[in-house]
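Shown below: protein-v6.csv, with CSV, C-alpha atoms and all ligand atoms.
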```csv
chain,number,residue,atom,x,y,z
A,633,MET,CA,119.6,162.2,-0.9
A,634,PHE,CA,119.6,159.8,2.0
A,635,THR,CA,121.9,160.9,4.8
A,636,THR,CA,124.3,158.4,6.5
A,637,GLY,CA,125.1,158.7,10.2
A,638,ASN,CA,128.7,158.8,11.5
A,639,GLY,CA,128.4,155.8,13.8
A,640,PRO,CA,130.4,152.6,13.7
A,641,VAL,CA,127.8,150.4,12.2
A,642,GLN,CA,127.2,150.8,8.4
A,643,ILE,CA,125.5,148.0,6.4
A,644,PRO,CA,125.1,148.7,2.7
A,645,GLU,CA,122.0,147.7,0.8
A,646,ALA,CA,123.7,145.0,-1.1
A,647,ALA,CA,125.1,143.4,2.1
A,648,ILE,CA,121.6,143.3,3.6
A,649,ARG,CA,120.1,141.8,0.4
A,650,ALA,CA,122.7,139.1,0.4
A,651,ARG,CA,122.3,138.2,4.0
A,652,VAL,CA,118.5,138.2,3.9
A,653,LYS,CA,118.7,135.8,0.9
A,654,GLU,CA,120.9,133.5,3.0
A,655,LEU,CA,118.4,133.6,5.9
A,656,GLY,CA,115.5,132.8,3.6
A,657,GLU,CA,117.4,129.8,2.2
A,658,ALA,CA,118.2,128.6,5.7
A,659,ILE,CA,114.6,128.9,6.7
A,660,ALA,CA,113.4,127.1,3.5
A,661,ARG,CA,115.8,124.2,4.3
A,662,ASP,CA,114.7,123.9,7.9
A,663,TYR,CA,111.0,124.2,7.2
A,664,GLN,CA,110.9,121.9,4.1
A,665,GLY,CA,107.5,120.1,4.0
A,666,ARG,CA,106.1,122.5,6.6
A,667,THR,CA,104.2,125.8,6.5
A,668,PRO,CA,105.9,128.4,8.6
A,669,HIS,CA,103.7,131.1,10.1
A,670,MET,CA,105.7,134.3,10.1
A,671,ILE,CA,104.9,137.0,12.7
A,672,CYS,CA,106.3,140.5,12.0
A,673,VAL,CA,106.9,142.7,15.0
A,674,LEU,CA,105.8,146.2,14.0
A,675,ASN,CA,107.0,148.7,13.2
A,676,GLY,CA,110.7,148.2,12.9
A,677,ALA,CA,110.6,144.8,11.2
A,678,PHE,CA,108.3,145.7,8.3
A,679,ILE,CA,110.9,146.0,5.6
A,680,PHE,CA,113.0,143.0,6.8
A,681,MET,CA,109.7,140.9,6.9
A,682,ALA,CA,108.8,142.0,3.3
A,683,ASP,CA,112.2,141.0,2.0
A,684,LEU,CA,112.6,137.8,4.1
A,685,VAL,CA,109.3,136.2,3.1
A,686,ARG,CA,110.1,136.8,-0.6
A,687,ALA,CA,113.4,134.9,0.0
A,688,ILE,CA,111.5,131.8,1.4
A,689,PRO,CA,110.3,129.7,-1.5
A,690,LEU,CA,107.8,127.7,0.6
A,691,PRO,CA,104.0,128.1,1.2
A,692,LEU,CA,103.7,130.2,4.3
A,693,THR,CA,101.3,132.4,6.2
A,694,LEU,CA,102.0,135.6,8.0
A,695,ASP,CA,100.6,138.0,10.6
A,696,PHE,CA,101.6,141.2,12.4
A,697,ILE,CA,101.8,142.2,16.0
A,698,SER,CA,102.7,145.5,17.4
A,699,ILE,CA,104.3,146.0,20.8
A,700,SER,CA,106.0,148.9,22.4
A,701,SER,CA,108.6,149.0,25.2
A,702,TYR,CA,108.4,151.9,27.5
A,703,GLY,CA,111.3,154.3,27.5
A,704,ASN,CA,113.6,154.8,24.6
A,705,ALA,CA,115.9,152.3,23.0
A,706,TYR,CA,118.6,152.9,25.6
A,707,LYS,CA,116.4,152.7,28.6
A,708,SER,CA,114.3,149.6,28.0
A,709,SER,CA,112.2,149.1,31.1
A,710,GLY,CA,111.1,145.6,30.3
A,711,GLU,CA,107.5,146.8,30.5
A,712,VAL,CA,105.9,146.0,27.2
A,713,GLU,CA,102.6,147.2,25.9
A,714,LEU,CA,100.5,145.3,23.3
A,715,ILE,CA,99.5,147.9,20.7
A,716,LYS,CA,98.0,145.5,18.1
A,717,ASP,CA,97.4,141.8,18.7
A,718,LEU,CA,97.6,139.0,16.1
A,719,ARG,CA,94.7,138.4,13.8
A,720,LEU,CA,95.2,134.7,13.3
A,721,PRO,CA,95.5,131.9,15.8
A,722,ILE,CA,98.9,130.3,16.3
A,723,HIS,CA,97.9,127.2,18.1
A,724,GLY,CA,99.7,124.2,16.5
A,725,LYS,CA,101.6,126.3,14.0
A,726,ASP,CA,105.3,126.5,13.2
A,727,VAL,CA,105.8,130.1,14.2
A,728,ILE,CA,108.8,132.3,13.3
A,729,VAL,CA,108.9,135.7,15.0
A,730,VAL,CA,110.5,138.3,12.8
A,731,GLU,CA,112.2,141.1,14.7
A,732,ASP,CA,114.3,144.1,13.6
A,733,ILE,CA,116.8,144.2,16.5
A,734,VAL,CA,117.5,142.5,19.8
A,735,ASP,CA,119.0,144.9,22.2
A,736,THR,CA,118.4,144.2,25.9
A,737,GLY,CA,116.3,141.2,24.9
A,738,LEU,CA,113.4,142.3,27.2
A,739,THR,CA,110.9,142.9,24.4
A,740,LEU,CA,111.6,139.6,22.7
A,741,SER,CA,111.6,137.8,26.0
A,742,TYR,CA,108.1,139.2,26.8
A,743,LEU,CA,106.9,138.4,23.3
A,744,LEU,CA,108.1,134.8,23.4
A,745,GLU,CA,106.3,134.2,26.7
A,746,TYR,CA,103.2,135.7,25.3
A,747,LEU,CA,103.3,133.6,22.1
A,748,GLU,CA,104.3,130.4,24.0
A,749,ALA,CA,101.1,130.6,26.1
A,750,ARG,CA,99.1,130.2,22.8
A,751,LYS,CA,100.7,126.8,22.2
A,752,PRO,CA,102.3,127.0,18.8
A,753,ARG,CA,103.8,123.7,17.6
A,754,SER,CA,107.2,125.4,17.4
A,755,LEU,CA,108.5,128.9,18.0
A,756,ARG,CA,111.7,130.3,16.5
A,757,VAL,CA,113.1,133.8,16.0
A,758,ALA,CA,114.6,135.6,13.0
A,759,ALA,CA,116.2,138.9,13.9
A,760,LEU,CA,118.0,141.2,11.5
A,761,LEU,CA,120.3,142.7,14.1
A,762,SER,CA,121.6,141.8,17.5
A,763,LYS,CA,123.6,143.9,20.0
A,764,PRO,CA,125.0,141.1,22.3
A,765,SER,CA,126.9,143.6,24.5
A,766,ARG,CA,123.6,145.2,25.7
A,767,ARG,CA,121.8,141.9,26.6
A,768,GLN,CA,120.0,141.9,30.0
A,769,VAL,CA,118.1,138.6,29.5
A,770,GLU,CA,119.0,135.7,27.3
A,771,VAL,CA,116.9,135.1,24.3
A,772,PRO,CA,117.2,132.6,21.5
A,773,ILE,CA,117.9,133.9,17.9
A,774,HIS,CA,117.7,131.1,15.4
A,775,TYR,CA,118.2,133.2,12.3
A,776,LEU,CA,120.4,136.3,12.8
A,777,GLY,CA,121.3,138.8,10.1
A,778,PHE,CA,124.1,140.7,11.7
A,779,GLU,CA,125.7,141.0,15.1
A,780,ILE,CA,126.6,144.6,15.7
A,781,GLU,CA,128.4,146.7,18.3
A,782,ASP,CA,126.6,149.1,20.6
A,783,ALA,CA,125.5,152.1,18.5
A,784,TYR,CA,122.0,153.4,17.7
A,785,VAL,CA,121.2,152.0,14.3
A,786,TYR,CA,118.4,153.1,11.9
A,787,GLY,CA,117.3,152.7,8.4
A,788,TYR,CA,115.8,149.6,6.6
A,789,GLY,CA,112.7,149.8,8.8
A,790,LEU,CA,114.3,151.0,12.0
A,791,ASP,CA,113.6,154.6,13.0
A,792,ARG,CA,115.5,157.5,14.3
A,793,ALA,CA,112.8,159.5,16.2
A,794,GLN,CA,110.3,158.0,13.7
A,795,PHE,CA,112.2,159.2,10.7
A,796,ASP,CA,114.6,157.4,8.3
A,797,ARG,CA,112.7,154.0,8.2
A,798,ASN,CA,112.8,154.4,4.4
A,799,LEU,CA,116.6,154.4,4.1
A,800,PRO,CA,117.5,151.4,2.0
A,801,PHE,CA,120.6,150.7,4.1
A,802,ILE,CA,121.5,150.6,7.8
A,803,THR,CA,123.5,153.3,9.4
A,804,SER,CA,124.2,154.5,12.9
A,805,ILE,CA,125.1,157.3,15.3
A,806,ARG,CA,127.2,156.9,18.3
A,807,PRO,CA,125.3,156.1,21.6
A,808,GLU,CA,126.5,159.3,23.2
A,809,GLU,CA,124.8,161.4,20.5
A,810,GLU,CA,121.4,160.0,21.4
B,901,LIG,P1,115.1,145.4,23.6
B,901,LIG,O1,116.0,146.3,24.4
B,901,LIG,O2,115.8,144.2,23.1
B,901,LIG,O3,113.8,145.1,24.3
B,901,LIG,O4,114.7,146.3,22.3
B,901,LIG,C1,113.4,146.6,22.0
B,901,LIG,C2,113.2,147.4,20.7
B,901,LIG,O5,113.9,148.6,20.8
B,901,LIG,C3,113.7,146.8,19.4
B,901,LIG,O6,112.8,145.8,18.9
B,901,LIG,C4,113.7,148.0,18.6
B,901,LIG,O7,112.4,148.3,18.1
B,901,LIG,C5,114.2,149.1,19.5
B,901,LIG,N1,115.7,149.3,19.4
B,901,LIG,C6,116.7,148.8,20.2
B,901,LIG,N2,117.9,149.3,19.7
B,901,LIG,C7,117.6,150.0,18.6
B,901,LIG,C8,118.4,150.8,17.7
B,901,LIG,O8,119.7,150.8,17.8
B,901,LIG,N3,117.8,151.4,16.7
B,901,LIG,C9,116.4,151.4,16.6
B,901,LIG,N4,115.6,150.7,17.4
B,901,LIG,C10,116.2,150.0,18.4
B,902,MG,MG,111.4,145.8,17.4
```
Translate the structure of the given file into structure tokens.
Ligand code: IMP
Ligand code: MG
Amino acid sequence: MFTTGNGPVQIPEAAIRARVKELGEAIARDYQGRTPHMICVLNGAFIFMADLVRAIPLPLTLDFISISSYGNAYKSSGEVELIKDLRLPIHGKDVIVVEDIVDTGLTLSYLLEYLEARKPRSLRVAALLSKPSRRQVEVPIHYLGFEIEDAYVYGYGLDRAQFDRNLPFITSIRPEEE
């Protein structure tokens, strides 16, 4: 049995599925006649990525990047380490970054700068979750799944101390419990 946390954010499997389908349709509309190049930010976005690309009925390519912010989710230092670089060039491509969650925004801000330097034709962001109340730096999110309040969320790819990425839903604990 999968265990649900007692925090304020609870997103059932069916709600995620419906929202991901809508995001896929929006991307397909916006990128009609083009070939988006989707970049999954490991590890947290791996399930969102897998579902999202299957909701986009367009020819597309994809790649993975792995970055890690120092500190835990509640003490993002803004220092980001590249763990695994892209395999494919992005120069001239219509890149869509696929993120699990935007919290302080520091990781995404770093990543966007890093990718921008490689001169894609366009650069957009799809994020499953956003916690606007925690933002320290402004970052664009073109395709957002759910705006959530400040709680530590996990499941559907996001971890709690590396566990629970396999939960098919999103659940949370209260920040003071972390
Ligand atoms: P940032 O604070 O926006 O830089 O967030 C960086 C990363 O921290 C995200 O991409 C997630 O991988 C992780 N993170 C932030 N908040 C949470 C959370 O509530 N649950 C799980 N991971 C989180
Ligand atoms: Mg992430």
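Here atom C3 of ligand LIG 901 (chain B) and atom CA of A:Ala647 stand 21.0 Å from one another.
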Q. Please, which residues are within 10 Å of (121.6, 141.8, 32.7) by the file's coordinates, counting only C-alpha atoms, and could they come as a PyMOL selection string?
A. chain A and resi 736-738+765-770
Q) Got a sec to check which residues sit within 10 Å of (123.4, 156.0, 8.9), counting all atoms listed in the file, and write them as a ChimeraX atom specification? A) /A:634-644,784-787,792,796,799,801-805
With all atoms listed in the file as the counted atoms, please give the residues lying no more than 12 Å from A:Glu713, apart from itself and same-chain residues fewer than 6 positions off, as a PDB file with C-alpha atoms, keeping the file's coordinate frame.
```pdb
ATOM      1  CA  ILE A 697     101.800 142.200  16.000  1.00  0.00           C
ATOM      2  CA  SER A 698     102.700 145.500  17.400  1.00  0.00           C
ATOM      3  CA  ILE A 699     104.300 146.000  20.800  1.00  0.00           C
ATOM      4  CA  SER A 700     106.000 148.900  22.400  1.00  0.00           C
ATOM      5  CA  SER A 701     108.600 149.000  25.200  1.00  0.00           C
ATOM      6  CA  TYR A 702     108.400 151.900  27.500  1.00  0.00           C
ATOM      7  CA  GLY A 703     111.300 154.300  27.500  1.00  0.00           C
ATOM      8  CA  LEU A 738     113.400 142.300  27.200  1.00  0.00           C
ATOM      9  CA  THR A 739     110.900 142.900  24.400  1.00  0.00           C
ATOM     10  CA  TYR A 742     108.100 139.200  26.800  1.00  0.00           C
ATOM     11  CA  LEU A 743     106.900 138.400  23.300  1.00  0.00           C
ATOM     12  CA  TYR A 746     103.200 135.700  25.300  1.00  0.00           C
TER      13      TYR A 746
END
```
Q: Would you list the contacts of stretch 682-689 of chain A as a VMD selection string, taking every protein, DNA or RNA residue within 8 Å and counting all atoms listed in the file, but skipping same-chain residues closer than 4 positions in sequence?
A: chain A and resid 652 to 653 655 to 657 659 to 660 678
Would you save the residues of that selection, restricted to C-alpha atoms, as a CSV table (one decimal), in the coordinates of the input?
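So the final result, stored in again29.csv, reads:
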```csv
chain,number,residue,atom,x,y,z
A,652,VAL,CA,118.5,138.2,3.9
A,653,LYS,CA,118.7,135.8,0.9
A,655,LEU,CA,118.4,133.6,5.9
A,656,GLY,CA,115.5,132.8,3.6
A,657,GLU,CA,117.4,129.8,2.2
A,659,ILE,CA,114.6,128.9,6.7
A,660,ALA,CA,113.4,127.1,3.5
A,678,PHE,CA,108.3,145.7,8.3
```
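In terms of minimum interatomic distance to A:Arg661, A:Leu690 ranks closest within A:Ile722, A:Leu690, A:Ala646, A:Leu714, counting only C-alpha atoms.
For ligand MG 902 (chain B), the set of protein, DNA and RNA residues within 7 Å, based on only C-alpha atoms and all ligand atoms, reads Val673, Leu674, Asn675, Gly676, Ala677, Glu731, Asp732 and Ile733 of chain A.
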Q: Measuring atom to atom with all atoms listed in the file, identify which of A:Arg651, A:His774, A:Arg719, A:Lys763 is nearest to ligand LIG 901 (chain B).
A: A:Lys763
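Within the 7 Å cut-off around A:Arg756, using all atoms listed in the file and omitting residues fewer than 5 positions from it on the same chain, the listed residues are A:Val727, A:Ile728, A:Val729, A:His774.
If you measure from each of A:Ile679, A:Leu747, A:Ala759, A:Val734 to ligand LIG 901 (chain B) using all atoms listed in the file, the closest one turns out to be A:Val734.
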Q: Could you check how far atom CA of A:Ala783 sits from atom CA of A:Leu760, in Å to one decimal?
A: 15.0 Å
Q) Which distance in Å separates atom CA of A:Gly789 and atom CA of A:Glu808, to one decimal? A)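 The value is 22.1 Å.
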